[in-house]
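Asker: Here you go, model.txt (compact mmCIF, C-alpha atoms):
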# COMPACT_ATOMS: atom_id res chain seq x y z
CA MET D 110 58.16 136.92 145.80
CA ILE D 111 58.24 133.36 144.45
CA ILE D 112 61.58 131.71 143.73
CA LYS D 113 60.85 129.23 140.96
CA LYS D 114 63.06 126.33 139.94
CA ARG D 115 66.09 127.40 137.90
CA PRO D 116 67.80 124.63 135.91
CA ILE D 117 71.20 126.37 136.00
CA ILE D 118 71.18 126.21 139.82
CA THR D 119 70.19 122.54 139.91
CA TRP D 120 72.95 121.73 137.41
CA LEU D 121 75.71 123.64 139.19
CA LEU D 122 74.95 122.25 142.64
CA ASN D 123 74.83 118.63 141.45
CA PRO D 124 78.26 118.22 139.81
CA ASP D 125 78.23 114.42 139.89
CA THR D 126 75.42 114.22 137.33
CA SER D 127 76.64 113.88 133.75
CA GLY D 128 75.77 116.07 130.78
CA PHE D 129 73.62 119.19 130.98
CA GLN D 130 70.48 119.77 133.02
CA GLU D 131 67.10 119.59 131.30
CA GLY D 132 65.90 123.15 130.76
CA LEU D 133 69.42 124.58 130.52
CA THR D 134 69.73 126.03 127.04
CA PHE D 135 71.00 128.93 124.89
CA ALA D 136 69.27 132.07 123.80
CA ALA D 137 69.11 131.97 119.98
CA PRO D 138 72.11 133.91 118.56
CA GLN D 139 72.16 135.53 115.12
CA ASN D 140 74.60 133.11 113.53
CA ARG D 141 76.33 129.75 113.83
CA GLU D 142 79.61 131.35 114.94
CA ASN D 143 78.00 132.86 118.02
CA TYR D 144 76.26 129.58 118.79
CA GLU D 145 79.66 127.89 118.88
CA ILE D 146 81.04 130.66 121.12
CA LEU D 147 78.17 130.26 123.59
CA ASN D 148 78.66 126.50 123.51
CA GLU D 149 82.36 126.87 124.37
CA GLU D 150 81.60 129.35 127.16
CA LEU D 151 79.09 126.95 128.70
CA LYS D 152 81.59 124.10 128.35
CA HIS D 153 84.08 126.23 130.29
CA LEU D 154 81.49 126.59 133.07
CA LYS D 155 81.02 122.83 132.95
CA GLU D 156 84.75 122.34 133.50
CA ILE D 157 84.63 124.67 136.50
CA ARG D 158 81.59 122.77 137.82
CA ALA D 159 83.53 119.50 137.62
CA MET D 160 86.15 121.01 139.97
CA LYS D 161 83.39 121.36 142.60
CA PRO D 162 84.02 124.96 143.68
CA LYS D 163 82.39 126.22 146.86
CA TRP D 164 79.39 127.94 145.29
CA GLY D 165 77.50 128.09 148.58
CA LEU D 166 73.73 128.40 148.55
CA PRO D 167 72.13 130.62 145.89
CA GLU D 168 71.52 134.11 147.26
CA LEU D 169 68.47 136.26 146.60
CA VAL D 170 69.18 140.00 146.78
CA MET D 171 66.34 141.89 148.47
CA PRO D 172 65.47 145.54 147.63
CA SER D 173 66.74 146.82 150.99
CA PHE D 174 70.10 145.16 150.35
CA GLU D 175 70.26 146.80 146.91
CA ARG D 176 69.59 150.19 148.50
CA VAL D 177 72.56 149.75 150.82
CA MET D 178 74.66 148.73 147.83
CA GLU D 179 73.67 151.87 145.96
CA LYS D 180 74.55 154.08 148.92
CA SER D 181 77.88 152.42 149.61
CA ALA D 182 79.01 151.92 145.98
CA PRO D 183 80.93 155.25 145.76
CA ALA D 184 83.08 154.24 148.74
CA PHE D 185 83.90 150.89 147.14
CA GLU D 186 84.48 152.27 143.63
CA LYS D 187 87.61 153.99 144.91
CA ILE D 188 89.13 150.68 146.02
CA MET D 189 87.67 148.41 143.32
CA PRO D 190 91.07 147.09 142.07
CA ASP D 191 91.93 146.16 145.66
CA LEU D 192 88.61 144.36 146.04
CA PHE D 193 89.28 142.34 142.89
CA LYS D 194 92.65 141.31 144.28
CA GLU D 195 91.16 140.45 147.68
CA PHE D 196 88.31 138.35 146.26
CA SER D 197 90.65 136.61 143.81
CA GLU D 198 92.93 135.51 146.64
CA THR D 199 90.02 133.65 148.23
CA ASP D 200 88.55 132.42 144.90
CA GLU D 201 85.16 133.92 145.68
CA CYS D 202 82.34 132.43 143.61
CA GLY D 203 78.61 132.04 143.86
CA ILE D 204 75.12 132.26 142.37
CA LEU D 205 72.95 135.37 142.60
CA ILE D 206 69.19 135.35 142.06
CA LEU D 207 67.94 138.75 140.91
CA ARG D 208 64.35 139.97 140.95
CA ASN D 209 64.11 140.53 137.18
CA ASN D 210 64.36 136.80 136.33
CA GLU D 211 68.13 136.95 136.00
CA THR D 212 70.61 134.46 137.40
CA LEU D 213 74.27 135.49 137.66
CA VAL D 214 76.95 132.87 138.15
CA TYR D 215 80.27 134.46 139.12
CA GLY D 216 83.82 133.60 140.02
CA PHE D 217 87.01 135.51 140.87
CA GLY D 218 90.54 134.43 140.01
CA ASP D 219 93.83 135.99 138.87
CA ASN D 220 92.54 139.48 139.79
CA GLN D 221 89.68 138.99 137.34
CA LEU D 222 85.93 138.52 137.66
CA ASN D 223 84.00 136.26 135.29
CA ILE D 224 80.22 135.97 135.02
CA TRP D 225 77.74 133.79 133.15
CA PHE D 226 74.40 135.49 132.56
CA PHE D 227 71.13 133.52 132.41
CA ASN D 228 67.59 134.74 131.86
CA GLU D 229 64.81 132.59 133.31
CA GLN D 230 61.90 131.97 130.94
CA ASN D 231 59.09 129.43 131.39
CA GLY D 232 61.16 127.03 133.46
CA HIS D 233 64.24 127.35 131.22
CA SER D 234 67.58 128.94 132.06
CA MET D 235 68.54 130.75 128.85
CA PHE D 236 72.29 131.39 128.58
CA HIS D 237 72.93 134.79 126.97
CA PHE D 238 76.62 135.55 127.42
CA SER D 239 79.76 135.28 129.48
CA ALA D 240 81.99 138.24 130.28
CA GLY D 241 85.06 139.10 132.30
CA TYR D 242 86.30 142.23 134.06
CA GLU D 243 89.75 143.21 135.21
CA PHE D 244 91.72 146.33 136.11
CA VAL D 245 94.79 147.35 134.13
CA ASP D 246 96.78 150.22 135.68
CA GLY D 247 93.75 151.01 137.79
CA GLN D 248 91.38 151.21 134.81
CA PRO D 249 88.54 148.73 134.23
CA LYS D 250 88.64 146.54 131.13
CA LEU D 251 85.72 144.50 129.80
CA LEU D 252 86.66 141.06 128.48
CA MET D 253 84.05 139.84 126.02
CA THR D 254 83.87 138.46 122.50
CA ASP D 255 82.95 141.24 120.06
CA SER D 256 80.60 139.09 117.99
CA ILE D 257 78.54 138.29 121.10
CA LEU D 258 78.51 141.95 122.13
CA TYR D 259 77.18 142.90 118.67
CA ASP D 260 74.54 140.14 118.54
CA ASP D 261 71.08 141.78 118.61
CA ASN D 262 69.40 138.49 119.58
CA LEU D 263 71.43 138.23 122.78
CA LEU D 264 71.66 141.85 123.87
CA ALA D 265 69.49 144.95 123.45
CA GLY D 266 70.23 148.66 123.01
CA THR D 267 73.21 150.46 121.49
CA ILE D 268 76.67 148.95 121.76
CA GLN D 269 77.65 151.50 124.40
CA HIS D 270 74.47 150.74 126.33
CA ARG D 271 75.34 147.03 126.28
CA ILE D 272 78.88 147.71 127.50
CA ASP D 273 77.52 149.91 130.29
CA GLU D 274 74.88 147.37 131.36
CA ILE D 275 77.36 144.50 131.47
CA GLY D 276 79.82 146.67 133.40
CA ILE D 277 77.08 147.51 135.89
CA ARG D 278 76.40 143.82 136.51
CA LEU D 279 80.07 143.03 136.95
CA ARG D 280 80.63 145.87 139.40
CA PHE D 281 77.37 144.92 141.12
CA ILE D 282 78.91 141.60 142.12
CA ALA D 283 82.07 143.21 143.52
CA VAL D 284 80.04 145.72 145.55
CA TYR D 285 77.70 142.94 146.66
CA LEU D 286 80.57 140.92 148.10
CA ALA D 287 82.08 144.01 149.71
CA VAL D 288 78.78 144.89 151.39
CA LYS D 289 78.48 141.31 152.67
CA LYS D 290 81.95 141.53 154.17
CA TYR D 291 82.07 145.07 155.54
CA ILE D 292 78.45 145.88 156.42
CA LYS D 293 76.14 144.22 158.91
CA VAL D 294 73.52 142.32 156.93
CA GLU D 295 70.69 139.94 157.72
CA THR D 296 70.92 136.49 156.14
CA LEU D 297 67.84 134.29 156.18
CA ILE D 298 67.77 130.73 154.81
CA ILE D 299 64.48 129.88 153.12
CA PRO D 300 63.91 126.07 153.08
CA GLN D 301 62.50 124.40 150.00
CA GLY D 302 58.76 124.73 149.49
CA THR D 303 58.08 127.06 152.41
CA PHE D 304 56.62 130.52 152.82
CA THR D 305 58.69 132.95 154.85
CA ALA D 306 57.93 136.54 155.83
CA VAL D 307 60.90 138.53 157.06
CA ALA D 308 60.53 138.75 160.86
CA GLY D 309 59.40 142.04 162.34
CA THR D 310 57.73 143.28 159.16
CA PRO D 311 54.45 145.18 159.82
CA LEU D 312 51.42 143.40 158.38
CA GLU D 313 50.81 146.02 155.71
CA TYR D 314 54.27 145.30 154.28
CA VAL D 315 54.26 141.50 154.45
CA GLU D 316 53.28 141.08 150.77
CA LYS D 317 56.37 143.06 149.76
CA LYS D 318 58.77 141.05 151.88
CA LYS D 319 57.50 137.47 151.85
CA VAL D 320 59.40 134.80 149.97
CA ILE D 321 58.07 131.47 148.69
CA ASN D 322 60.83 129.06 147.70
CA GLN D 323 59.88 126.68 144.88
CA CYS D 324 63.32 126.26 143.33
CA GLY D 325 63.96 122.78 144.79
CA GLN D 326 66.52 123.64 147.46
CA GLU D 327 67.45 126.12 150.18
CA VAL D 328 68.10 129.73 149.22
CA ILE D 329 69.73 132.51 151.26
CA VAL D 330 67.85 135.81 151.28
CA MET D 331 70.11 138.85 151.68
CA ASP D 332 68.35 141.65 153.55
CA SER D 333 69.84 144.74 155.17
CA LYS D 334 69.88 145.67 158.85
CA TRP D 335 70.55 149.34 158.11
CA PHE D 336 67.58 151.60 158.69
CA LYS D 337 66.62 154.97 157.31
CA LYS D 338 65.65 158.01 159.34
CA ILE D 339 62.36 159.91 159.17
CA ILE D 340 63.25 163.58 159.33
CA ASN D 341 61.13 166.59 160.25
CA ASP D 342 60.34 168.25 156.91
CA ASN D 343 60.41 171.69 158.51
CA ASP D 344 64.14 171.50 159.16
CA ILE D 345 67.21 171.24 156.93
CA PRO D 346 68.39 167.60 156.66
CA VAL D 347 72.01 166.53 156.45
CA ARG D 348 72.30 163.28 154.52
CA GLY D 349 74.02 160.25 155.99
CA PHE D 350 77.15 158.78 154.46
CA PHE D 351 79.38 155.69 154.61
CA ARG D 352 82.92 155.73 155.98
CA MET D 353 85.63 153.10 156.47
CA GLN D 354 86.68 153.03 160.13
CA ASN D 355 89.42 151.16 161.98
CA LYS D 356 88.15 148.90 164.76
CA LYS D 357 89.74 146.45 167.19
CA ASN D 358 88.25 143.02 167.88
CA PRO D 359 88.25 141.36 171.34
CA GLU D 360 91.62 139.75 170.55
CA GLY D 361 93.17 143.16 169.96
CA VAL D 362 93.51 142.77 166.20
CA TRP D 363 92.72 145.84 164.10
CA TYR D 364 90.38 145.55 161.12
CA LYS D 365 88.37 147.84 158.85
CA GLU D 366 84.59 148.09 158.81
CA LEU D 367 82.37 150.23 156.65
CA ILE D 368 80.14 152.23 159.00
CA PHE D 369 77.11 154.36 158.20
CA VAL D 370 77.13 157.83 159.74
CA ASP D 371 73.50 158.57 160.49
CA PRO D 372 71.81 161.48 158.73
CA PHE D 373 70.97 164.44 160.95
CA ILE D 374 69.13 167.73 160.72
CA ARG D 375 69.83 171.22 161.95
CA HIS D 376 67.66 172.23 164.93
CA GLY D 377 65.26 169.36 164.40
CA TYR D 378 64.71 165.72 165.22
CA HIS D 379 64.77 162.30 163.61
CA ARG D 380 63.44 158.86 164.43
CA ASN D 381 63.60 155.33 163.03
CA ALA D 382 61.20 154.50 160.23
CA LYS D 383 59.04 151.60 161.45
CA ILE D 384 59.47 149.52 158.29
CA GLU D 385 63.27 149.85 158.52
CA ASP D 386 63.77 148.97 162.19
CA ASP D 387 66.37 146.27 162.91
CA ILE D 388 64.91 142.79 162.48
Translate the structure of the given file into structure tokens.

Answerer:
Amino acid sequence: MIIKKRPIITWLLNPDTSGFQEGLTFAAPQNRENYEILNEELKHLKEIRAMKPKWGLPELVMPSFERVMEKSAPAFEKIMPDLFKEFSETDECGILILRNNETLVYGFGDNQLNIWFFNEQNGHSMFHFSAGYEFVDGQPKLLMTDSILYDDNLLAGTIQHRIDEIGIRLRFIAVYLAVKKYIKVETLIIPQGTFTAVAGTPLEYVEKKKVINQCGQEVIVMDSKWFKKIINDNDIPVRGFFRMQNKKNPEGVWYKELIFVDPFIRHGYHRNAKIEDDI
């Protein structure tokens, strides 16, 4: 996987430079009104940038991390309003690099999550939309300008499909932060211009897990330390599941941690899959 230079990242992490970064631009909306809306939304991000929030290093989400997110999402969905409140209290914000040439800039505040969505094309960061998400009486509410939502140049599919896809991305960020906080994960910093293969990966899998960083700065790669089990096909497997459990730290303070209860089989055996061993 090659991480190419993304103008939006360069711009956000260098707040003392004036104006906008070369290569940072808009996707072409259907009308002038939507162009003005996108311009105002990007100006709002510029104002946030000037406040120098603690973005941290950009984070690349690896497939194994996404699999853990998928498995743990049901546990977090039940407490999603509480997660929004928790992350708002600490003003969580950051930059996510996704494998499908997407860059998500996000920030929590006032029990609300806001994102700015960019698609990377030929060295350009194309701004498509901004959206917000909050919970009212425990129910999720999408905050987005209708004219942008209905713009066929910016978004694809039916209106309901667009609402669903945007909601997925917004919840993705909340689950992502929850997994980072409550689940043991592997973080690996990839320096600029270097090739890195995730340690402990068998040679036949190196091509799938190597990362080449060409984006002009350090990037954090989020990988998972959870491993799957290989189960005897002749027996009946019982699937693993996630559970919140109370634990006490060395100072005697109680805290919660999401644990994974290993899958097991009746009258059979299981062993670690080699590709998923702890690294």

Asker: Need the shell around Pro162 in chain D: protein/DNA/RNA residues with any atom at most 10 Å away, counting all atoms listed in the file. Skip same-chain ones fewer than 4 positions apart. Format as a compact mmCIF listing (two decimals) with C-alpha atoms, in the frame of the given file?

Answerer:
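See around.txt below for the written result:
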# COMPACT_ATOMS: atom_id res chain seq x y z
CA LEU D 121 75.71 123.64 139.19
CA LEU D 122 74.95 122.25 142.64
CA PRO D 124 78.26 118.22 139.81
CA ILE D 157 84.63 124.67 136.50
CA ARG D 158 81.59 122.77 137.82
CA ASP D 200 88.55 132.42 144.90
CA GLU D 201 85.16 133.92 145.68
CA CYS D 202 82.34 132.43 143.61
CA GLY D 203 78.61 132.04 143.86
CA GLY D 216 83.82 133.60 140.02

Asker: For CA of Thr199 in chain D and CA of Leu286 in chain D, determine how far apart the two atoms are, in Å to one decimal place.

Answerer: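 Atom-to-atom, CA of Thr199 in chain D and CA of Leu286 in chain D are spaced 11.9 Å apart.
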
Asker: To one decimal place in Å, what is the distance between CA of Gln230 in chain D and CA of Ser256 in chain D?

Answerer: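 Taking CA of Gln230 in chain D as the start and CA of Ser256 in chain D as the end point, the length is 23.8 Å.
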
Asker: Suppose you want the space between CA of Met353 in chain D and CA of Met178 in chain D; what is it in Å?

Answerer: 14.6 Å

Asker: Write out as a PyMOL selection string each polymer residue whose atoms come within 6 Å of Trp225 in chain D, counting only C-alpha atoms; drop sequence neighbours fewer than 3 positions from it.

Answerer: chain D and resi 213-214+239

Asker: At most 8 Å from (82.7, 139.2, 124.8), file frame, only C-alpha atoms: which residues, as a list in words?

Answerer: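 Collected hits near the coordinates: Phe238, Ser239, Ala240, Gly241, Leu251, Leu252, Met253, Thr254, Asp255, Ser256, Ile257 and Leu258 of chain D.
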
Asker: Can you tell me which residues surround Tyr364 in chain D at a distance of at most 9 Å, considering only C-alpha atoms, apart from same-chain residues fewer than 4 positions away, and format the answer as a list of chain:residue names?

Answerer: D:Gln354, D:Asn355, D:Lys356, D:Lys357, D:Asn358

Asker: Compare D:Asp125, D:Gln248, D:Ile117, D:Thr267 by their minimum atom-to-atom distance to Ile188 in chain D, counting all atoms listed in the file, and give me the closest one.

Answerer: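 Closest to Ile188 in chain D, using all atoms listed in the file: D:Gln248.
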